[in-house]
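Shown next: target.cif, containing mmCIF, C-alpha atoms.
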data_input
#
loop_
_atom_site.label_atom_id
_atom_site.label_comp_id
_atom_site.auth_asym_id
_atom_site.auth_seq_id
_atom_site.Cartn_x
_atom_site.Cartn_y
_atom_site.Cartn_z
CA MET A 1 118.90 57.29 62.23
CA PRO A 2 122.27 57.57 60.41
CA ASP A 3 123.85 61.02 60.12
CA LEU A 4 122.39 62.75 57.04
CA CYS A 5 125.36 65.03 56.39
CA PRO A 6 123.76 68.44 57.08
CA ASP A 7 127.23 69.95 56.77
CA SER A 8 128.51 69.68 53.20
CA THR A 9 132.11 69.80 54.39
CA ARG A 10 131.70 66.58 56.36
CA ARG A 11 131.18 63.16 54.82
CA THR A 12 129.79 60.03 56.43
CA ARG A 13 129.97 56.44 55.25
CA PRO A 14 126.98 55.34 53.16
CA SER A 15 124.49 53.13 54.99
CA ILE A 16 122.96 49.91 53.68
CA ASP A 17 120.48 49.81 56.57
CA ASN A 18 117.47 51.19 54.72
CA ALA A 19 115.11 50.26 57.57
CA ALA A 20 116.93 52.78 59.77
CA PHE A 21 115.76 55.58 57.48
CA LEU A 22 112.07 54.66 57.60
CA PRO A 23 111.09 56.13 61.01
CA ARG A 24 112.12 59.68 60.16
CA LEU A 25 111.12 59.65 56.48
CA SER A 26 107.71 58.22 57.31
CA THR A 27 106.92 60.81 60.00
CA VAL A 28 108.64 63.98 58.81
CA GLU A 29 106.05 66.71 58.29
CA ARG A 30 106.93 67.34 54.64
CA LEU A 31 108.57 64.81 52.31
CA LEU A 32 109.27 64.84 48.59
CA VAL A 33 110.58 61.74 46.80
CA ILE A 34 112.30 62.49 43.47
CA GLN A 35 113.20 59.26 41.71
CA ASP A 36 114.80 58.00 38.51
CA LEU A 37 113.13 55.02 36.78
CA ASP A 38 115.25 52.52 34.84
CA GLY A 39 117.44 50.56 37.24
CA VAL A 40 115.65 52.07 40.25
CA CYS A 41 112.09 50.73 40.15
CA MET A 42 112.65 48.20 37.36
CA ASP A 43 115.51 46.12 36.05
CA LEU A 44 118.03 47.44 33.53
CA VAL A 45 117.60 45.51 30.26
CA HIS A 46 119.20 45.54 26.81
CA ASP A 47 115.86 46.06 25.05
CA PRO A 48 113.56 48.72 26.62
CA LEU A 49 110.56 46.95 25.06
CA THR A 50 111.05 44.06 27.50
CA ARG A 51 110.85 46.20 30.63
CA GLU A 52 108.18 45.50 33.23
CA ILE A 53 106.87 47.53 36.14
CA GLU A 54 105.07 46.18 39.22
CA LEU A 55 101.48 47.12 40.00
CA SER A 56 102.25 47.25 43.74
CA TYR A 57 104.81 49.98 43.02
CA LEU A 58 102.22 52.02 41.12
CA HIS A 59 99.79 51.74 44.04
CA ALA A 60 102.53 52.82 46.47
CA ALA A 61 103.30 55.85 44.31
CA ARG A 62 99.60 56.75 44.37
CA LEU A 63 99.62 56.61 48.20
CA LEU A 64 102.38 59.23 48.11
CA ASP A 65 100.18 61.57 46.06
CA GLY A 66 101.74 65.05 46.14
CA GLU A 67 104.94 63.73 47.74
CA PHE A 68 106.36 61.75 44.81
CA PHE A 69 107.68 62.64 41.36
CA VAL A 70 109.75 60.79 38.81
CA LEU A 71 112.64 62.52 37.07
CA THR A 72 113.92 60.56 34.09
CA ASN A 73 115.74 60.94 30.80
CA GLY A 74 113.30 58.46 29.32
CA GLU A 75 109.77 59.44 28.34
CA HIS A 76 106.23 58.94 29.56
CA ILE A 77 104.72 58.61 26.08
CA GLY A 78 105.53 56.87 22.80
CA SER A 79 105.95 53.23 21.85
CA ARG A 80 108.84 52.85 24.31
CA GLY A 81 107.53 55.16 27.01
CA VAL A 82 106.86 54.17 30.61
CA ASN A 83 103.10 54.73 30.25
CA ARG A 84 102.93 51.59 28.09
CA LEU A 85 104.47 49.63 30.96
CA VAL A 86 102.03 51.18 33.44
CA GLU A 87 99.05 50.18 31.28
CA ALA A 88 100.37 46.61 30.93
CA ALA A 89 100.82 46.34 34.70
CA CYS A 90 97.32 47.65 35.34
CA GLY A 91 95.66 44.87 33.34
CA GLY A 92 91.93 45.56 33.52
CA LEU A 93 92.33 48.69 35.64
CA ASP A 94 91.95 52.11 34.02
CA ALA A 95 95.30 53.78 34.81
CA ALA A 96 93.94 57.28 34.26
CA GLU A 97 90.82 56.76 36.36
CA GLU A 98 92.84 55.16 39.17
CA GLY A 99 95.57 57.82 38.98
CA LEU A 100 98.28 55.21 38.47
CA TYR A 101 100.39 56.97 35.86
CA LEU A 102 103.72 58.10 37.30
CA PRO A 103 103.69 61.87 37.89
CA GLY A 104 106.74 63.96 37.15
CA LEU A 105 109.24 64.96 34.52
CA ALA A 106 110.60 62.95 31.60
CA ALA A 107 113.01 63.65 28.74
CA GLY A 108 115.34 65.23 31.30
CA GLY A 109 112.72 67.74 32.39
CA VAL A 110 110.81 68.96 29.31
CA GLN A 111 107.88 66.52 29.48
CA TYR A 112 105.51 66.79 32.43
CA GLN A 113 102.77 64.33 33.32
CA ASP A 114 100.27 64.11 36.17
CA CYS A 115 99.00 60.88 37.72
CA ARG A 116 96.03 60.86 35.31
CA GLY A 117 98.33 60.69 32.30
CA GLN A 118 97.88 64.29 31.14
CA VAL A 119 101.10 65.28 29.34
CA ASP A 120 102.50 68.59 28.15
CA HIS A 121 105.87 69.96 26.99
CA PRO A 122 106.30 73.39 28.61
CA GLY A 123 108.64 75.70 26.75
CA VAL A 124 108.97 73.49 23.65
CA SER A 125 108.22 74.97 20.22
CA GLU A 126 106.44 73.34 17.27
CA ALA A 127 109.59 73.76 15.14
CA GLU A 128 111.61 71.83 17.73
CA LEU A 129 109.03 69.05 17.90
CA ALA A 130 108.94 68.82 14.11
CA PHE A 131 112.73 68.45 13.89
CA LEU A 132 112.76 65.80 16.63
CA ALA A 133 110.09 63.83 14.78
CA GLN A 134 112.54 63.33 11.89
CA VAL A 135 115.43 62.06 14.00
CA PRO A 136 114.42 58.38 14.42
CA ALA A 137 114.25 57.84 10.64
CA MET A 138 117.58 59.63 10.20
CA ALA A 139 119.14 57.49 12.93
CA SER A 140 117.78 54.30 11.39
CA ASP A 141 119.19 55.13 7.95
CA TRP A 142 122.58 56.02 9.41
CA LEU A 143 122.86 52.95 11.64
CA SER A 144 121.80 50.62 8.84
CA SER A 145 124.44 52.03 6.50
CA VAL A 146 127.16 51.72 9.15
CA LEU A 147 126.27 48.12 9.97
CA GLN A 148 126.33 47.20 6.29
CA ALA A 149 130.00 48.25 5.95
CA PRO A 150 133.18 46.82 7.52
CA PRO A 151 133.93 45.86 10.23
CA PHE A 152 130.31 44.73 10.71
CA ASP A 153 129.17 43.49 7.27
CA LEU A 154 125.80 42.45 8.69
CA SER A 155 123.12 40.91 6.52
CA GLU A 156 119.98 42.88 5.72
CA SER A 157 117.87 40.88 8.19
CA ASP A 158 120.43 41.26 11.00
CA ARG A 159 120.71 44.99 10.30
CA ARG A 160 116.96 45.44 10.32
CA ASN A 161 116.62 43.59 13.64
CA LEU A 162 119.45 45.50 15.32
CA VAL A 163 118.29 48.90 14.05
CA ALA A 164 114.74 48.23 15.28
CA ARG A 165 116.07 47.53 18.78
CA CYS A 166 118.69 50.30 18.91
CA VAL A 167 116.74 53.29 17.58
CA LEU A 168 114.28 54.56 20.17
CA ASP A 169 111.58 56.71 18.61
CA ASN A 170 110.97 58.81 21.72
CA PRO A 171 108.92 61.88 20.76
CA VAL A 172 111.12 64.51 22.46
CA SER A 173 114.33 62.60 23.17
CA PRO A 174 115.04 60.24 20.25
CA THR A 175 117.84 57.91 21.25
CA LEU A 176 120.44 55.53 19.91
CA ASN A 177 120.55 52.78 22.54
CA LEU A 178 123.54 50.55 21.79
CA ASN A 179 123.03 48.04 24.59
CA THR A 180 121.77 45.43 22.12
CA ALA A 181 124.66 46.19 19.76
CA PHE A 182 127.16 45.70 22.59
CA GLN A 183 125.72 42.25 23.18
CA ALA A 184 125.48 41.37 19.46
CA LEU A 185 129.06 42.45 18.71
CA SER A 186 130.67 40.70 21.70
CA GLU A 187 132.51 38.28 19.40
CA GLN A 188 134.04 41.09 17.33
CA PRO A 189 136.77 42.79 19.40
CA GLY A 190 136.88 46.51 18.76
CA ALA A 191 133.69 46.56 16.68
CA TYR A 192 131.48 47.97 19.43
CA GLU A 193 134.08 50.59 20.37
CA PHE A 194 134.20 51.66 16.72
CA LEU A 195 130.40 51.90 16.60
CA GLN A 196 130.37 53.89 19.84
CA HIS A 197 132.71 56.55 18.46
CA GLN A 198 130.91 56.63 15.11
CA ALA A 199 127.65 57.26 16.97
CA ALA A 200 129.21 60.24 18.76
CA LYS A 201 130.36 61.67 15.41
CA TRP A 202 126.90 61.17 13.92
CA CYS A 203 125.34 63.04 16.84
CA GLU A 204 127.73 65.94 16.26
CA GLY A 205 126.60 66.00 12.64
CA LEU A 206 122.95 66.01 13.72
CA LEU A 207 123.58 69.06 15.89
CA ALA A 208 125.10 70.77 12.82
CA THR A 209 121.99 69.85 10.79
CA ALA A 210 119.79 71.41 13.46
CA GLU A 211 121.91 74.56 13.42
CA ALA A 212 121.52 74.80 9.65
CA ALA A 213 117.76 74.59 10.17
CA GLY A 214 117.85 77.59 12.49
CA LEU A 215 117.74 75.51 15.67
CA GLY A 216 121.36 75.88 16.73
CA ASP A 217 120.58 76.51 20.40
CA ALA A 218 117.74 74.03 20.69
CA PHE A 219 119.43 70.69 21.33
CA PHE A 220 122.30 68.84 22.97
CA VAL A 221 123.47 65.23 23.12
CA HIS A 222 123.26 63.37 26.41
CA TYR A 223 125.66 60.45 26.85
CA ALA A 224 124.62 57.79 29.37
CA PRO A 225 126.66 56.87 31.26
CA ASN A 226 129.28 59.59 30.82
CA LEU A 227 132.49 60.96 32.31
CA GLY A 228 131.07 64.30 33.34
CA ARG A 229 131.30 67.50 31.33
CA ASP A 230 133.97 69.71 29.86
CA ALA A 231 133.87 72.91 27.81
CA HIS A 232 132.46 70.99 24.84
CA GLY A 233 129.67 69.19 26.68
CA GLU A 234 129.30 65.74 28.16
CA ARG A 235 132.25 63.38 27.81
CA LEU A 236 131.76 59.95 26.29
CA LYS A 237 132.69 57.02 28.52
CA PRO A 238 134.71 54.64 26.30
CA ALA A 239 134.07 50.89 26.37
CA LEU A 240 136.79 49.36 28.54
CA ASP A 241 137.57 46.04 30.25
CA GLY A 242 134.33 44.40 29.21
CA GLN A 243 132.22 47.40 30.26
CA ALA A 244 130.08 48.98 27.55
CA GLY A 245 130.71 52.57 28.69
CA THR A 246 128.36 55.02 26.98
CA THR A 247 125.45 53.11 25.46
CA ASP A 248 122.74 55.77 25.14
CA PHE A 249 123.10 58.73 22.80
CA GLN A 250 120.07 60.89 23.49
CA PHE A 251 119.25 63.85 21.28
CA MET A 252 117.62 66.15 23.80
CA LEU A 253 116.17 69.61 24.10
CA ARG A 254 118.56 72.10 25.64
CA GLY A 255 117.58 72.78 29.22
CA GLY A 256 116.42 69.19 29.64
CA VAL A 257 118.84 68.32 32.43
CA LYS A 258 117.67 66.64 35.58
CA GLU A 259 119.05 69.13 38.10
CA VAL A 260 116.85 71.88 36.66
CA GLY A 261 113.93 69.46 36.94
CA VAL A 262 114.35 69.44 40.72
CA LEU A 263 113.39 73.11 40.88
CA VAL A 264 110.52 72.62 38.41
CA LEU A 265 109.12 69.90 40.67
CA LEU A 266 109.63 71.96 43.83
CA ASN A 267 107.75 74.81 42.17
CA ARG A 268 104.79 72.45 41.68
CA TYR A 269 105.15 71.05 45.20
CA TYR A 270 104.91 74.53 46.73
CA GLN A 271 101.94 75.39 44.52
CA ARG A 272 100.07 72.41 45.88
CA LEU A 273 100.79 73.59 49.44
CA THR A 274 100.12 77.30 49.01
CA GLY A 275 98.10 77.72 45.83
CA GLU A 276 100.86 79.81 44.25
CA PHE A 277 103.93 79.02 42.14
CA PRO A 278 106.95 80.64 43.87
CA LEU A 279 108.87 80.66 40.56
CA GLY A 280 105.84 81.58 38.46
CA GLU A 281 103.40 79.30 36.66
CA GLY A 282 105.46 79.47 33.47
CA PHE A 283 108.74 78.35 35.03
CA ASN A 284 110.15 75.36 33.14
CA ALA A 285 113.38 73.61 32.21
CA ARG A 286 113.81 75.74 29.09
CA ASN A 287 113.82 79.11 30.86
CA ALA A 288 115.57 78.08 34.09
CA PRO A 289 119.11 79.16 34.94
CA GLN A 290 121.92 76.66 34.40
CA GLY A 291 124.50 75.59 36.96
CA HIS A 292 124.12 74.41 40.55
CA GLU A 293 125.09 77.71 42.18
CA ALA A 294 122.48 79.61 40.17
CA LEU A 295 119.82 77.01 40.93
CA VAL A 296 120.53 77.00 44.67
CA SER A 297 120.56 80.80 44.70
CA LEU A 298 117.19 80.90 42.92
CA ALA A 299 115.78 78.37 45.40
CA ARG A 300 116.95 80.48 48.35
CA GLU A 301 115.24 83.55 46.88
CA ALA A 302 111.96 81.89 45.96
CA PHE A 303 111.14 79.05 48.36
CA ASP A 304 109.88 79.58 51.91
CA PRO A 305 112.34 77.65 54.14
CA ALA A 306 109.54 76.81 56.56
CA LEU A 307 107.81 74.80 53.83
CA MET A 308 110.86 73.15 52.29
CA PRO A 309 110.38 69.38 52.33
CA CYS A 310 112.95 66.75 53.18
CA ILE A 311 113.87 65.45 49.72
CA LEU A 312 114.69 61.79 49.12
CA GLY A 313 116.58 61.67 45.81
CA VAL A 314 116.96 58.20 44.29
CA GLY A 315 119.13 57.24 41.30
CA ASP A 316 121.32 54.45 39.96
CA THR A 317 123.63 56.01 37.38
CA LEU A 318 126.81 57.52 38.82
CA THR A 319 130.33 57.22 37.46
CA SER A 320 133.80 58.02 38.76
CA ALA A 321 136.92 57.08 36.83
CA PRO A 322 140.48 58.22 36.20
CA ASP A 323 140.62 60.97 33.59
CA PRO A 324 141.76 59.34 30.31
CA ASP A 325 143.91 62.44 29.73
CA ASP A 326 145.31 62.69 33.28
CA ALA A 327 145.27 59.58 35.46
CA ALA A 328 146.05 61.68 38.57
CA ARG A 329 142.57 63.22 38.57
CA ARG A 330 139.04 61.81 38.58
CA VAL A 331 136.21 62.55 36.22
CA ARG A 332 132.74 62.09 37.60
CA GLY A 333 129.48 61.81 35.71
CA GLY A 334 126.37 59.72 35.34
CA SER A 335 122.88 60.87 34.37
CA ASP A 336 121.72 60.97 38.01
CA ARG A 337 124.72 62.84 39.41
CA GLY A 338 123.45 66.33 38.61
CA PHE A 339 120.07 66.03 40.26
CA LEU A 340 121.37 64.10 43.28
CA THR A 341 124.08 66.71 43.80
CA LEU A 342 121.47 69.45 43.73
CA VAL A 343 119.30 67.52 46.20
CA GLN A 344 122.33 67.38 48.50
CA ALA A 345 123.06 71.10 48.02
CA LEU A 346 119.47 72.08 48.75
CA GLY A 347 119.53 70.00 51.91
CA ASP A 348 122.64 71.88 53.02
CA ALA A 349 121.18 75.27 52.07
CA PHE A 350 117.82 74.77 53.79
CA GLY A 351 118.83 72.40 56.60
CA SER A 352 116.10 70.03 55.46
CA GLY A 353 117.99 66.76 56.00
CA ASN A 354 117.80 65.58 52.39
CA VAL A 355 118.77 61.98 51.65
CA VAL A 356 120.76 60.85 48.60
CA ALA A 357 120.02 57.20 47.81
CA PHE A 358 121.79 54.95 45.30
CA VAL A 359 120.29 51.77 43.85
CA ASP A 360 122.88 49.23 42.68
CA SER A 361 121.58 48.22 39.25
CA SER A 362 124.68 46.23 38.26
CA ALA A 363 122.82 42.89 38.45
CA GLY A 364 120.71 43.77 35.42
CA GLU A 365 121.44 42.88 31.81
CA ILE A 366 123.69 45.91 31.35
CA ARG A 367 127.20 45.59 32.72
CA ARG A 368 128.22 48.41 35.04
CA PRO A 369 130.20 48.75 38.28
CA GLY A 370 128.48 47.47 41.40
CA VAL A 371 128.89 48.01 45.14
CA ARG A 372 131.50 45.79 46.80
CA LEU A 373 130.04 45.37 50.27
CA GLU A 374 133.12 43.72 51.77
CA TYR A 375 134.93 47.09 51.60
CA LEU A 376 132.09 49.40 52.62
CA ALA A 377 132.87 49.66 56.34
CA ASP A 378 136.59 50.39 56.05
CA ALA A 379 137.15 51.63 52.49
CA PRO A 380 134.00 53.24 51.02
CA GLY A 381 135.96 54.59 48.05
CA ARG A 382 137.04 51.08 47.10
CA ALA A 383 133.55 49.71 47.74
CA LEU A 384 132.15 52.21 45.23
CA GLU A 385 134.95 51.98 42.66
CA GLY A 386 133.64 53.11 39.29
CA ILE A 387 130.60 54.73 40.97
CA SER A 388 132.10 57.22 43.44
CA ASP A 389 135.42 57.79 45.21
CA ALA A 390 136.82 58.97 48.53
CA ALA A 391 137.00 62.60 47.38
CA ASP A 392 133.64 62.68 45.58
CA PRO A 393 131.71 65.82 46.64
CA LEU A 394 128.48 63.87 46.22
CA ALA A 395 127.96 61.99 49.49
CA ILE A 396 125.70 58.96 49.14
CA ASP A 397 123.66 58.50 52.31
CA LEU A 398 121.85 55.24 51.57
CA ILE A 399 122.67 52.30 49.29
CA PHE A 400 120.20 49.68 48.08
CA ALA A 401 122.88 47.08 47.49
CA GLU A 402 120.39 44.38 46.45
CA GLY A 403 119.03 46.43 43.58
CA HIS A 404 115.61 47.63 42.52
CA ARG A 405 113.59 44.94 44.27
CA GLN A 406 115.05 45.97 47.62
CA TYR A 407 114.19 49.58 46.83
CA LEU A 408 110.64 48.61 45.86
CA ARG A 409 110.13 46.95 49.25
CA PHE A 410 111.44 50.08 50.99
CA PHE A 411 109.31 52.37 48.81
CA GLY A 412 106.16 50.35 49.46
CA GLU A 413 106.73 50.40 53.21
CA LEU A 414 107.48 54.13 53.18
CA ALA A 415 104.24 54.82 51.30
CA ARG A 416 102.26 52.65 53.70
CA LEU A 417 103.73 54.27 56.80
CA ARG A 418 103.22 57.81 55.52
CA ASN A 419 99.65 57.00 54.64
CA VAL A 420 99.07 55.72 58.19
CA SER A 421 100.83 58.80 59.62
CA ARG A 422 98.64 61.19 57.60
CA ARG A 423 95.45 59.43 58.71
CA GLU A 424 96.49 59.78 62.34
CA MET A 425 97.14 63.54 62.09
#
Using structure tokens, write down the structure from this file.
Amino acid sequence: MPDLCPDSTRRTRPSIDNAAFLPRLSTVERLLVIQDLDGVCMDLVHDPLTREIELSYLHAARLLDGEFFVLTNGEHIGSRGVNRLVEAACGGLDAAEEGLYLPGLAAGGVQYQDCRGQVDHPGVSEAELAFLAQVPAMASDWLSSVLQAPPFDLSESDRRNLVARCVLDNPVSPTLNLNTAFQALSEQPGAYEFLQHQAAKWCEGLLATAEAAGLGDAFFVHYAPNLGRDAHGERLKPALDGQAGTTDFQFMLRGGVKEVGVLVLLNRYYQRLTGEFPLGEGFNARNAPQGHEALVSLAREAFDPALMPCILGVGDTLTSAPDPDDAARRVRGGSDRGFLTLVQALGDAFGSGNVVAFVDSSAGEIRRPGVRLEYLADAPGRALEGISDAADPLAIDLIFAEGHRQYLRFFGELARLRNVSRREM
């Protein structure tokens, strides 16, 4: 099997030979798959309402019962949630009875669901939920007014259609998704870029509104994709060279960041093994420490190394680009970077051989950098231009260069092999 980088000071070239990873991952005593959704197990599309999920994938996830969690900035519930896709894929099957809902964390970590579709929001107050419930209507009014004015000057019917597709009424992470706007405004140079920056300003104003309502520490804005973070929060990725840059502006509950979700899921994993929560039953994304060093330190204190699983972390959204303010340095972001980096750090800390996997989702409807295989053997940094770079501290172990369908085949085979392995024990 390829070298899994147990030493964080040493990097290896990413592998595209996913079959080489199956023998160890299928037979290791303890495994935990933590996986993003959009772009990983289904195609990236402009309109989330057109997404589809495969029934075979849901059955494979069920085979990995107790060894598989999703970790997404999307949501399980609501008109645009993944549960709707699960129910459509199930057809006449009862998803709850069959245990085919996808277990794990959504909304960055503040929405938990089990495989029967039971959902809760640990650590979230009624006042926060009430404020979030107002955001979609506020976003719709704002976007409609912007699109009515120059440089857009859209008709009422065009505005109504675009607003309906761009405003995602997620219950705990309402979102402006400008993918459809990027496509619709392709014939108006500069118009999308203007809308992108106006959306960022509107989000800043929404945070101020929340503060005035006594909820100043409750929320933050997640940009996807982004250029990492600075002292003011996540950095917007500007549209450039035909790339849309930041398309999703998610109004999220503070604490709802994926890296914290890794520890929340590990806490549940250990409880299933031992009957006890090492971090306490009430541990959640809202009361967890922030920062990778603090999270790794907490994991070292709380989790029995003998029971630490090998974690396979799977994502598709990573960015690396020259800093717009200083071309000599790189800025790195992406909504999966935080949790994949923590998966890597935990593997180093516990010697558990964790695997960081990247799914190339660039063939979907949303334009983003893709893997250039011709450079992978000799120049990995060039092969991953726009995704990673030669000095990136996050070392990708495995690349699914053919996208989500290649990953689904791997995932299905991994689930089958582990199921056979467990029966033989």
Could you state which residues are captured by the PyMOL selection byres ((chain A and resi 176-190) around 8) in this file, as a list of chain:residue names? A:His46, A:Asp47, A:Ala139, A:Leu162, A:Arg165, A:Cys166, A:Val167, A:Leu168, A:Pro174, A:Thr175, A:Ala191, A:Tyr192, A:Glu193, A:Phe194, A:Gln196, A:Ala199, A:Ala244, A:Thr247, A:Asp248, A:Phe249, A:Gln250, A:Ile366
Please provide as a ChimeraX atom specification all residues within 7 Å of Arg332 in chain A, with the sequence filter that same-chain residues fewer than 3 positions apart are discarded (counting all atoms listed in the file). /A:227-228,319-321
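With only the atoms specified (all atoms listed in the file) counting, those residues at most 6 Å away from (126.7, 67.6, 44.6) are Thr341, Leu342, Gln344, Pro393 and Leu394 of chain A.
For the pair CA of Asn226 in chain A and CA of Leu318 in chain A, the separation is 8.6 Å.
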Using all atoms listed in the file, find each residue in range 262-321 of chain A having at least one atom no more than 12 Å away from range 395-399 of chain A; report its shortest atom-to-atom pair and that distance in Å (one decimal), rows by chain then rising number, as CSV.
residue,atom,partner,partner_atom,distance
A:Leu312,CA,A:Leu398,CA,10.0
A:Gly313,CA,A:Ile396,CA,10.1
A:Val314,CA,A:Leu398,CA,9.3
A:Gly315,CA,A:Ile399,CA,10.0
A:Asp316,CA,A:Ile399,CA,9.7
A:Leu318,CA,A:Ile396,CA,10.5
